>>> print(open('target_9.pdb').read())   # PDB, C-alpha atoms, pLDDT in the B column
ATOM      1  CA  MET J  27       0.000   0.000   0.000  1.00 48.00           C
ATOM      2  CA  LYS J  28       1.489   3.332  -1.017  1.00 50.00           C
ATOM      3  CA  THR J  29       1.654   6.206   1.482  1.00 53.00           C
ATOM      4  CA  LYS J  30       0.969   9.733   0.489  1.00 52.00           C
ATOM      5  CA  PRO J  31       4.204  11.753   0.371  1.00 52.00           C
ATOM      6  CA  VAL J  32       4.521  14.617   2.847  1.00 49.00           C
ATOM      7  CA  SER J  33       4.906  17.983   1.206  1.00 50.00           C
ATOM      8  CA  ARG J  34       8.010  19.843   2.400  1.00 51.00           C
ATOM      9  CA  THR J  35       6.527  23.142   1.289  1.00 51.00           C
ATOM     10  CA  LYS J  36       3.425  22.843   3.413  1.00 49.00           C
ATOM     11  CA  ARG J  37       2.835  26.067   5.356  1.00 51.00           C
ATOM     12  CA  LEU J  38       2.905  25.992   9.128  1.00 47.00           C
ATOM     13  CA  PRO J  39      -0.152  27.216  11.028  1.00 49.00           C
ATOM     14  CA  GLU J  40      -0.340  30.865  11.882  1.00 48.00           C
ATOM     15  CA  PRO J  41       0.777  31.985  15.383  1.00 46.00           C
ATOM     16  CA  SER J  42      -1.893  31.668  17.998  1.00 45.00           C
ATOM     17  CA  PHE J  43      -2.572  32.506  21.604  1.00 43.00           C
ATOM     18  CA  THR J  44      -4.910  31.115  24.212  1.00 44.00           C
ATOM     19  CA  ARG J  45      -7.189  33.191  26.356  1.00 46.00           C
ATOM     20  CA  PRO J  46      -8.425  31.904  29.706  1.00 47.00           C
ATOM     21  CA  GLY J  47     -11.677  30.098  29.278  1.00 47.00           C
ATOM     22  CA  SER J  48     -11.554  30.144  25.486  1.00 45.00           C
ATOM     23  CA  GLY J  49     -10.197  27.968  22.767  1.00 47.00           C
ATOM     24  CA  VAL J  50      -7.320  28.610  20.368  1.00 45.00           C
ATOM     25  CA  GLN J  51      -7.750  31.747  18.292  1.00 51.00           C
ATOM     26  CA  TYR J  52      -5.628  32.427  15.215  1.00 56.00           C
ATOM     27  CA  LEU J  53      -4.391  35.869  14.287  1.00 62.00           C
ATOM     28  CA  SER J  54      -4.959  37.109  10.797  1.00 74.00           C
ATOM     29  CA  GLN J  55      -1.986  37.996   8.640  1.00 76.00           C
ATOM     30  CA  ARG J  56      -2.984  41.655   8.674  1.00 78.00           C
ATOM     31  CA  LYS J  57      -3.190  41.809  12.484  1.00 74.00           C
ATOM     32  CA  LEU J  58       0.126  39.977  12.795  1.00 72.00           C
ATOM     33  CA  GLU J  59       1.841  42.487  10.517  1.00 76.00           C
ATOM     34  CA  ALA J  60       0.233  45.341  12.436  1.00 73.00           C
ATOM     35  CA  ASN J  61       1.606  43.972  15.713  1.00 71.00           C
ATOM     36  CA  ARG J  62       5.075  43.694  14.213  1.00 71.00           C
ATOM     37  CA  GLU J  63       4.874  47.241  12.921  1.00 69.00           C
ATOM     38  CA  ASN J  64       3.795  48.553  16.332  1.00 67.00           C
ATOM     39  CA  ALA J  65       6.675  46.668  18.007  1.00 61.00           C
ATOM     40  CA  ARG J  66       9.162  48.729  16.001  1.00 63.00           C
ATOM     41  CA  PHE J  67       7.939  51.861  17.761  1.00 60.00           C
ATOM     42  CA  SER J  68       8.499  50.357  21.248  1.00 53.00           C
ATOM     43  CA  PRO J  69      12.271  49.759  21.593  1.00 56.00           C
ATOM     44  CA  GLY J  70      12.048  49.768  25.394  1.00 54.00           C
ATOM     45  CA  PRO J  71      13.368  52.318  27.899  1.00 53.00           C
ATOM     46  CA  VAL J  72      15.728  54.931  26.489  1.00 56.00           C
ATOM     47  CA  THR J  73      16.645  57.092  29.478  1.00 59.00           C
ATOM     48  CA  GLU J  74      19.067  55.960  32.171  1.00 58.00           C
ATOM     49  CA  ALA J  75      16.320  56.049  34.794  1.00 51.00           C
ATOM     50  CA  GLY J  76      14.045  53.938  32.605  1.00 47.00           C
ATOM     51  CA  LYS J  77      16.807  51.430  31.953  1.00 49.00           C
ATOM     52  CA  ALA J  78      17.545  51.206  35.680  1.00 48.00           C
ATOM     53  CA  THR J  79      13.876  50.602  36.433  1.00 45.00           C
ATOM     54  CA  SER J  80      13.606  47.983  33.696  1.00 43.00           C
ATOM     55  CA  ALA J  81      16.694  46.193  35.018  1.00 44.00           C
ATOM     56  CA  GLN J  82      14.948  45.732  38.371  1.00 44.00           C
ATOM     57  CA  ASN J  83      11.813  44.156  36.900  1.00 40.00           C
ATOM     58  CA  ASN J  84      12.909  40.623  37.852  1.00 41.00           C
ATOM     59  CA  PHE J  85      14.885  41.710  40.935  1.00 45.00           C
ATOM     60  CA  ARG J  86      14.027  39.630  44.000  1.00 68.00           C
ATOM     61  CA  HIS J  87      16.771  39.439  46.634  1.00 71.00           C
ATOM     62  CA  GLY J  88      20.024  40.655  45.023  1.00 81.00           C
ATOM     63  CA  LEU J  89      22.089  37.810  46.464  1.00 85.00           C
ATOM     64  CA  THR J  90      23.377  36.868  43.020  1.00 82.00           C
ATOM     65  CA  GLY J  91      24.573  38.788  39.994  1.00 81.00           C
ATOM     66  CA  ALA J  92      26.001  42.296  40.111  1.00 85.00           C
ATOM     67  CA  PHE J  93      26.265  43.803  43.577  1.00 88.00           C
ATOM     68  CA  CYS J  94      23.715  46.502  44.411  1.00 88.00           C
ATOM     69  CA  LEU J  95      21.916  47.843  47.445  1.00 88.00           C
ATOM     70  CA  LEU J  96      18.239  47.271  48.172  1.00 87.00           C
ATOM     71  CA  PRO J  97      15.942  50.276  48.608  1.00 86.00           C
ATOM     72  CA  ASP J  98      15.810  49.698  52.380  1.00 87.00           C
ATOM     73  CA  GLU J  99      19.619  49.512  52.702  1.00 89.00           C
ATOM     74  CA  SER J 100      21.899  52.460  53.424  1.00 91.00           C
ATOM     75  CA  GLN J 101      24.754  53.452  51.155  1.00 92.00           C
ATOM     76  CA  ASN J 102      26.409  55.267  54.063  1.00 94.00           C
ATOM     77  CA  GLU J 103      26.413  52.104  56.167  1.00 94.00           C
ATOM     78  CA  PHE J 104      28.032  50.130  53.353  1.00 94.00           C
ATOM     79  CA  ASN J 105      30.628  52.870  52.873  1.00 95.00           C
ATOM     80  CA  LYS J 106      31.362  52.780  56.613  1.00 95.00           C
ATOM     81  CA  LEU J 107      31.794  48.993  56.488  1.00 94.00           C
ATOM     82  CA  HIS J 108      34.219  49.318  53.589  1.00 95.00           C
ATOM     83  CA  ALA J 109      36.126  52.123  55.350  1.00 95.00           C
ATOM     84  CA  ASP J 110      36.388  50.098  58.585  1.00 95.00           C
ATOM     85  CA  LEU J 111      37.768  47.070  56.740  1.00 95.00           C
ATOM     86  CA  SER J 112      40.230  49.258  54.842  1.00 94.00           C
ATOM     87  CA  GLU J 113      41.403  50.900  58.065  1.00 94.00           C
ATOM     88  CA  GLU J 114      41.819  47.512  59.753  1.00 93.00           C
ATOM     89  CA  HIS J 115      43.740  45.774  56.983  1.00 92.00           C
ATOM     90  CA  GLN J 116      45.504  48.774  55.392  1.00 90.00           C
ATOM     91  CA  PRO J 117      45.686  47.487  51.774  1.00 91.00           C
ATOM     92  CA  ALA J 118      49.004  48.470  50.198  1.00 89.00           C
ATOM     93  CA  THR J 119      48.502  47.117  46.663  1.00 89.00           C
ATOM     94  CA  ALA J 120      45.709  47.028  44.091  1.00 92.00           C
ATOM     95  CA  THR J 121      45.144  43.319  44.715  1.00 92.00           C
ATOM     96  CA  GLU J 122      44.783  43.869  48.459  1.00 92.00           C
ATOM     97  CA  SER J 123      42.274  46.678  47.787  1.00 93.00           C
ATOM     98  CA  MET J 124      40.203  44.364  45.577  1.00 94.00           C
ATOM     99  CA  LEU J 125      40.185  41.681  48.268  1.00 95.00           C
ATOM    100  CA  VAL J 126      39.022  44.203  50.880  1.00 95.00           C
ATOM    101  CA  ASN J 127      36.276  45.306  48.488  1.00 94.00           C
ATOM    102  CA  ASP J 128      35.189  41.678  48.007  1.00 94.00           C
ATOM    103  CA  MET J 129      35.142  41.179  51.773  1.00 95.00           C
ATOM    104  CA  ALA J 130      32.837  44.183  52.237  1.00 95.00           C
ATOM    105  CA  ARG J 131      30.439  43.000  49.539  1.00 94.00           C
ATOM    106  CA  HIS J 132      30.251  39.383  50.653  1.00 95.00           C
ATOM    107  CA  TYR J 133      29.772  40.356  54.302  1.00 95.00           C
ATOM    108  CA  TRP J 134      27.009  42.769  53.319  1.00 94.00           C
ATOM    109  CA  LEU J 135      25.228  40.088  51.272  1.00 93.00           C
ATOM    110  CA  TYR J 136      25.675  37.601  54.106  1.00 94.00           C
ATOM    111  CA  GLN J 137      23.917  39.993  56.489  1.00 93.00           C
ATOM    112  CA  ARG J 138      21.161  40.506  53.896  1.00 91.00           C
ATOM    113  CA  ALA J 139      20.640  36.745  53.661  1.00 91.00           C
ATOM    114  CA  LEU J 140      20.285  36.597  57.467  1.00 91.00           C
ATOM    115  CA  ARG J 141      17.602  39.302  57.409  1.00 90.00           C
ATOM    116  CA  LEU J 142      15.714  37.497  54.642  1.00 89.00           C
ATOM    117  CA  GLN J 143      15.901  34.297  56.687  1.00 89.00           C
ATOM    118  CA  GLU J 144      14.387  36.115  59.650  1.00 89.00           C
ATOM    119  CA  GLY J 145      11.538  37.203  57.372  1.00 86.00           C
ATOM    120  CA  CYS J 146      10.915  33.565  56.454  1.00 86.00           C
ATOM    121  CA  PHE J 147      10.851  32.539  60.108  1.00 86.00           C
ATOM    122  CA  ALA J 148       8.293  35.255  60.788  1.00 84.00           C
ATOM    123  CA  ALA J 149       6.070  33.917  57.968  1.00 81.00           C
ATOM    124  CA  ASP J 150       4.206  30.620  57.673  1.00 80.00           C
ATOM    125  CA  LEU J 151       6.925  27.943  57.582  1.00 75.00           C
ATOM    126  CA  THR J 152       4.385  25.292  56.675  1.00 80.00           C
ATOM    127  CA  ALA J 153       3.927  26.848  53.241  1.00 84.00           C
ATOM    128  CA  GLY J 154       6.002  25.263  50.522  1.00 85.00           C
ATOM    129  CA  ALA J 155       6.974  28.610  48.980  1.00 86.00           C
ATOM    130  CA  THR J 156       8.289  29.862  52.335  1.00 84.00           C
ATOM    131  CA  GLN J 157      10.351  26.708  52.847  1.00 88.00           C
ATOM    132  CA  ASN J 158      11.833  27.041  49.366  1.00 88.00           C
ATOM    133  CA  GLN J 159      12.753  30.666  50.016  1.00 86.00           C
ATOM    134  CA  LEU J 160      14.300  29.782  53.385  1.00 88.00           C
ATOM    135  CA  ASN J 161      16.431  27.040  51.824  1.00 90.00           C
ATOM    136  CA  LEU J 162      17.498  29.464  49.093  1.00 89.00           C
ATOM    137  CA  PHE J 163      18.507  32.173  51.566  1.00 89.00           C
ATOM    138  CA  LEU J 164      20.345  29.641  53.749  1.00 92.00           C
ATOM    139  CA  ARG J 165      22.341  28.466  50.757  1.00 92.00           C
ATOM    140  CA  TYR J 166      23.206  31.977  49.593  1.00 91.00           C
ATOM    141  CA  GLY J 167      24.098  33.014  53.132  1.00 92.00           C
ATOM    142  CA  THR J 168      26.547  30.121  53.441  1.00 93.00           C
ATOM    143  CA  THR J 169      27.985  30.951  50.024  1.00 93.00           C
ATOM    144  CA  HIS J 170      28.715  34.578  50.904  1.00 93.00           C
ATOM    145  CA  GLU J 171      30.087  33.681  54.352  1.00 94.00           C
ATOM    146  CA  ARG J 172      32.549  31.273  52.772  1.00 95.00           C
ATOM    147  CA  ALA J 173      33.446  33.817  50.101  1.00 95.00           C
ATOM    148  CA  PHE J 174      34.164  36.395  52.821  1.00 95.00           C
ATOM    149  CA  ARG J 175      36.428  33.980  54.703  1.00 95.00           C
ATOM    150  CA  ARG J 176      38.185  32.983  51.485  1.00 95.00           C
ATOM    151  CA  ALA J 177      38.879  36.625  50.600  1.00 95.00           C
ATOM    152  CA  LEU J 178      40.181  37.249  54.143  1.00 94.00           C
ATOM    153  CA  THR J 179      42.450  34.192  53.943  1.00 94.00           C
ATOM    154  CA  ASP J 180      43.810  35.278  50.561  1.00 94.00           C
ATOM    155  CA  LEU J 181      44.428  38.790  51.876  1.00 94.00           C
ATOM    156  CA  LEU J 182      46.335  37.567  54.945  1.00 92.00           C
ATOM    157  CA  LYS J 183      48.356  35.130  52.857  1.00 92.00           C
ATOM    158  CA  LEU J 184      49.210  37.826  50.310  1.00 91.00           C
ATOM    159  CA  ARG J 185      50.210  40.276  53.049  1.00 89.00           C
ATOM    160  CA  LYS J 186      52.371  37.653  54.772  1.00 88.00           C
ATOM    161  CA  GLU J 187      54.190  36.939  51.520  1.00 89.00           C
ATOM    162  CA  ARG J 188      54.661  40.664  50.864  1.00 85.00           C
ATOM    163  CA  LEU J 189      56.063  41.261  54.352  1.00 83.00           C
ATOM    164  CA  ARG J 190      58.376  38.266  53.983  1.00 84.00           C
ATOM    165  CA  LEU J 191      59.755  39.675  50.759  1.00 81.00           C
ATOM    166  CA  GLU J 192      60.122  43.133  52.305  1.00 78.00           C
ATOM    167  CA  ARG J 193      61.994  41.692  55.304  1.00 78.00           C
ATOM    168  CA  GLY J 194      64.191  39.704  52.927  1.00 69.00           C
ATOM    169  CA  PHE J 195      64.995  42.829  50.930  1.00 66.00           C
ATOM    170  CA  GLU J 196      65.675  44.776  54.134  1.00 69.00           C
ATOM    171  CA  SER J 197      68.011  42.039  55.404  1.00 68.00           C
ATOM    172  CA  GLN J 198      69.833  41.976  52.101  1.00 72.00           C
ATOM    173  CA  ARG J 199      70.139  45.774  52.192  1.00 75.00           C
ATOM    174  CA  ARG J 200      71.616  45.699  55.718  1.00 77.00           C
ATOM    175  CA  GLU J 201      74.067  42.961  54.773  1.00 75.00           C
ATOM    176  CA  ARG J 202      75.128  44.897  51.699  1.00 80.00           C
ATOM    177  CA  ALA J 203      75.594  48.094  53.740  1.00 80.00           C
ATOM    178  CA  ALA J 204      77.720  46.208  56.310  1.00 79.00           C
ATOM    179  CA  GLU J 205      79.802  44.708  53.522  1.00 81.00           C
ATOM    180  CA  VAL J 206      80.356  48.143  51.994  1.00 82.00           C
ATOM    181  CA  ARG J 207      81.443  49.559  55.378  1.00 82.00           C
ATOM    182  CA  ARG J 208      83.843  46.638  55.908  1.00 82.00           C
ATOM    183  CA  GLU J 209      85.366  47.072  52.462  1.00 82.00           C
ATOM    184  CA  SER J 210      85.736  50.821  53.047  1.00 83.00           C
ATOM    185  CA  ARG J 211      87.443  50.232  56.407  1.00 82.00           C
ATOM    186  CA  GLU J 212      89.828  47.725  54.857  1.00 81.00           C
ATOM    187  CA  GLN J 213      90.631  50.128  52.052  1.00 83.00           C
ATOM    188  CA  ARG J 214      91.388  52.952  54.510  1.00 83.00           C
ATOM    189  CA  LEU J 215      93.607  50.640  56.613  1.00 81.00           C
ATOM    190  CA  SER J 216      95.430  49.430  53.532  1.00 83.00           C
ATOM    191  CA  ALA J 217      95.981  53.010  52.366  1.00 83.00           C
ATOM    192  CA  THR J 218      97.380  53.992  55.807  1.00 83.00           C
ATOM    193  CA  GLU J 219      99.773  51.051  55.884  1.00 82.00           C
ATOM    194  CA  LYS J 220     100.868  51.825  52.353  1.00 82.00           C
ATOM    195  CA  ARG J 221     101.617  55.455  53.244  1.00 82.00           C
ATOM    196  CA  GLN J 222     103.583  54.401  56.328  1.00 81.00           C
ATOM    197  CA  ALA J 223     105.627  51.877  54.330  1.00 81.00           C
ATOM    198  CA  GLU J 224     106.318  54.447  51.637  1.00 79.00           C
ATOM    199  CA  ALA J 225     107.399  57.022  54.235  1.00 79.00           C
ATOM    200  CA  TYR J 226     109.704  54.500  55.944  1.00 75.00           C
ATOM    201  CA  GLN J 227     111.244  53.471  52.649  1.00 78.00           C
ATOM    202  CA  LYS J 228     111.675  57.087  51.629  1.00 77.00           C
ATOM    203  CA  GLU J 229     113.305  57.937  54.952  1.00 72.00           C
ATOM    204  CA  LYS J 230     115.539  54.900  54.689  1.00 72.00           C
ATOM    205  CA  ASN J 231     116.748  55.722  51.189  1.00 75.00           C
ATOM    206  CA  ARG J 232     117.256  59.437  51.921  1.00 73.00           C
ATOM    207  CA  PRO J 233     120.982  60.448  51.947  1.00 77.00           C
ATOM    208  CA  PRO J 234     122.205  61.610  55.385  1.00 74.00           C
ATOM    209  CA  THR J 235     122.479  65.358  55.925  1.00 77.00           C
ATOM    210  CA  GLN J 236     125.060  67.219  58.028  1.00 75.00           C
ATOM    211  CA  PHE J 237     122.572  67.399  60.859  1.00 75.00           C
ATOM    212  CA  ASP J 238     122.117  63.632  60.731  1.00 75.00           C
ATOM    213  CA  ILE J 239     125.894  63.101  60.830  1.00 76.00           C
ATOM    214  CA  LEU J 240     126.308  65.415  63.851  1.00 76.00           C
ATOM    215  CA  ASN J 241     123.344  63.848  65.584  1.00 79.00           C
ATOM    216  CA  ASP J 242     124.784  60.355  65.107  1.00 79.00           C
ATOM    217  CA  TYR J 243     128.192  61.536  66.391  1.00 79.00           C
ATOM    218  CA  PHE J 244     126.820  63.078  69.581  1.00 80.00           C
ATOM    219  CA  CYS J 245     124.651  60.034  70.146  1.00 83.00           C
ATOM    220  CA  GLU J 246     127.716  57.803  69.938  1.00 85.00           C
ATOM    221  CA  GLN J 247     129.678  60.127  72.293  1.00 85.00           C
ATOM    222  CA  ASP J 248     126.884  60.108  74.818  1.00 84.00           C
ATOM    223  CA  LEU J 249     126.716  56.334  74.648  1.00 83.00           C
ATOM    224  CA  LEU J 250     130.505  56.069  75.118  1.00 86.00           C
ATOM    225  CA  ASN J 251     130.493  58.436  78.131  1.00 85.00           C
ATOM    226  CA  LEU J 252     127.609  56.492  79.626  1.00 85.00           C
ATOM    227  CA  ARG J 253     129.541  53.241  79.342  1.00 85.00           C
ATOM    228  CA  GLN J 254     132.712  54.778  80.906  1.00 86.00           C
ATOM    229  CA  ASN J 255     130.784  56.218  83.832  1.00 85.00           C
ATOM    230  CA  LEU J 256     129.036  52.910  84.358  1.00 85.00           C
ATOM    231  CA  ALA J 257     132.375  51.042  84.368  1.00 86.00           C
ATOM    232  CA  ALA J 258     133.937  53.507  86.844  1.00 85.00           C
ATOM    233  CA  ALA J 259     130.956  53.246  89.173  1.00 84.00           C
ATOM    234  CA  THR J 260     131.111  49.470  89.044  1.00 85.00           C
ATOM    235  CA  ALA J 261     134.864  49.439  89.855  1.00 83.00           C
ATOM    236  CA  LYS J 262     134.381  51.832  92.753  1.00 82.00           C
ATOM    237  CA  GLN J 263     131.594  49.718  94.176  1.00 82.00           C
ATOM    238  CA  GLU J 264     133.721  46.557  93.954  1.00 80.00           C
ATOM    239  CA  LYS J 265     136.623  48.291  95.695  1.00 78.00           C
ATOM    240  CA  LYS J 266     134.415  49.319  98.610  1.00 76.00           C
ATOM    241  CA  SER J 267     133.064  45.802  98.894  1.00 76.00           C
ATOM    242  CA  GLY J 268     136.637  44.354  99.084  1.00 71.00           C
ATOM    243  CA  LYS J 269     137.630  46.664 101.949  1.00 68.00           C
ATOM    244  CA  ARG J 270     134.600  45.674 103.971  1.00 69.00           C
ATOM    245  CA  ALA J 271     135.374  42.017 103.507  1.00 66.00           C
ATOM    246  CA  ALA J 272     139.006  42.514 104.787  1.00 61.00           C
TER
END
>>> encode(input="target_9.pdb", output="C-alpha cells")
Amino acid sequence: MKTKPVSRTKRLPEPSFTRPGSGVQYLSQRKLEANRENARFSPGPVTEAGKATSAQNNFRHGLTGAFCLLPDESQNEFNKLHADLSEEHQPATATESMLVNDMARHYWLYQRALRLQEGCFAADLTAGATQNQLNLFLRYGTTHERAFRRALTDLLKLRKERLRLERGFESQRRERAAEVRRESREQRLSATEKRQAEAYQKEKNRPPTQFDILNDYFCEQDLLNLRQNLAAATAKQEKKSGKRAA
C-alpha cells in the first residue's frame, strides 16, 4: 500500500494565543503584521532612569549577579563597612584593595541573607513557597560567608608573603651596607699602611744630611760616656766591697 508523500513546502499554522476560558484563536496575517509594525515603535526604555527601572523588573533578593543595594539599605552604612575594613587591613597594593572590596560586599550580602531568613521565620513555615525561600537564603548566606572567609584568607596570605619579601629585601640591604662599610674600612687601613711603608722606605733611602751626621756623632759620644761612667761606678763599688770584707 502506497503512502501519500509529505509535502516539504506545506505552510505551518499561523501563530496563535490562548485566552483563559476560550479555545485557540488564530491571528490574521494583517493583524500579525500590524503587531510587528507597532513593536518597532516600542524599543524599550531609552533614558538611564528607565533602563535602571527595567533592570529591576525581575529583581528579588540581590544575592546573586552584580552587587547593588536594596531600597531599604543604606549606602552610608556600606561605605562605613568598607572604610572600617580598609582601616583595619591597610591594603598596600591594588590586589589587596580588591580583596578588601570583596570582603565588604560578601559580608554585606551575608547579612542581607540573614535578614531574609528572619523574614521567612516570621512567615508561615508550613507553606512550601516559604520553605523554598528559606532554603534558598540559607544556601546563599553560606555561600557569601565562605566567600568572605576565602577573601580574608587570601588577603592575609598575600600580606604575609609581601612582608616576607620586604623583610628579605631589608636584610639583604643591611648585609650589603655592612659589607660596603667593611670594604671601606679595609681600604682605609690598607691606604694607611701603604703610606707608612712608603714614608719609611723614603726615609731609609734618603741620603744623610750634616745634621744627621752630627746627631749620630753626639749620640755615639753620649753612649761612650755612659759606658765609661758605668764602668767607673762598678769598679768603685767593687773596691768598697773588698775593703769591707778585709
>>> resolve_selection(input="target_9.pdb", expression="the PyMOL selection byres ((chain J and resi 143-149) around 12)", output="NGL selection string")
:J and (87 or 136-142 or 150-168)
>>> atom_distance(input="target_9.pdb", atom1="CA of Arg214 in chain J", atom2="CA of Arg232 in chain J")
26.8 Å
>>> resolve_selection(input="target_9.pdb", expression="the PyMOL selection byres ((chain J and resi 92-107) around 10)", output="PDB file with C-alpha atoms, keeping the file's coordinate frame")
ATOM      1  CA  PHE J  85      14.885  41.710  40.935  1.00 45.00           C
ATOM      2  CA  ARG J  86      14.027  39.630  44.000  1.00 68.00           C
ATOM      3  CA  HIS J  87      16.771  39.439  46.634  1.00 71.00           C
ATOM      4  CA  GLY J  88      20.024  40.655  45.023  1.00 81.00           C
ATOM      5  CA  LEU J  89      22.089  37.810  46.464  1.00 85.00           C
ATOM      6  CA  THR J  90      23.377  36.868  43.020  1.00 82.00           C
ATOM      7  CA  GLY J  91      24.573  38.788  39.994  1.00 81.00           C
ATOM      8  CA  HIS J 108      34.219  49.318  53.589  1.00 95.00           C
ATOM      9  CA  ALA J 109      36.126  52.123  55.350  1.00 95.00           C
ATOM     10  CA  ASP J 110      36.388  50.098  58.585  1.00 95.00           C
ATOM     11  CA  LEU J 111      37.768  47.070  56.740  1.00 95.00           C
ATOM     12  CA  SER J 112      40.230  49.258  54.842  1.00 94.00           C
ATOM     13  CA  GLU J 113      41.403  50.900  58.065  1.00 94.00           C
ATOM     14  CA  ASN J 127      36.276  45.306  48.488  1.00 94.00           C
ATOM     15  CA  MET J 129      35.142  41.179  51.773  1.00 95.00           C
ATOM     16  CA  ALA J 130      32.837  44.183  52.237  1.00 95.00           C
ATOM     17  CA  ARG J 131      30.439  43.000  49.539  1.00 94.00           C
ATOM     18  CA  HIS J 132      30.251  39.383  50.653  1.00 95.00           C
ATOM     19  CA  TYR J 133      29.772  40.356  54.302  1.00 95.00           C
ATOM     20  CA  TRP J 134      27.009  42.769  53.319  1.00 94.00           C
ATOM     21  CA  LEU J 135      25.228  40.088  51.272  1.00 93.00           C
ATOM     22  CA  ARG J 138      21.161  40.506  53.896  1.00 91.00           C
TER      23      ARG J 138
END
>>> atom_distance(input="target_9.pdb", atom1="CA of Asp242 in chain J", atom2="CA of Leu256 in chain J")
21.1 Å
>>> atom_distance(input="target_9.pdb", atom1="CA of Arg172 in chain J", atom2="CA of Lys186 in chain J")
20.9 Å
>>> closest_residue(input="target_9.pdb", among="J:Ser210, J:Thr121, J:Gln116, J:Asn241", to="Ala177 in chain J", atoms="only C-alpha atoms")
J:Thr121
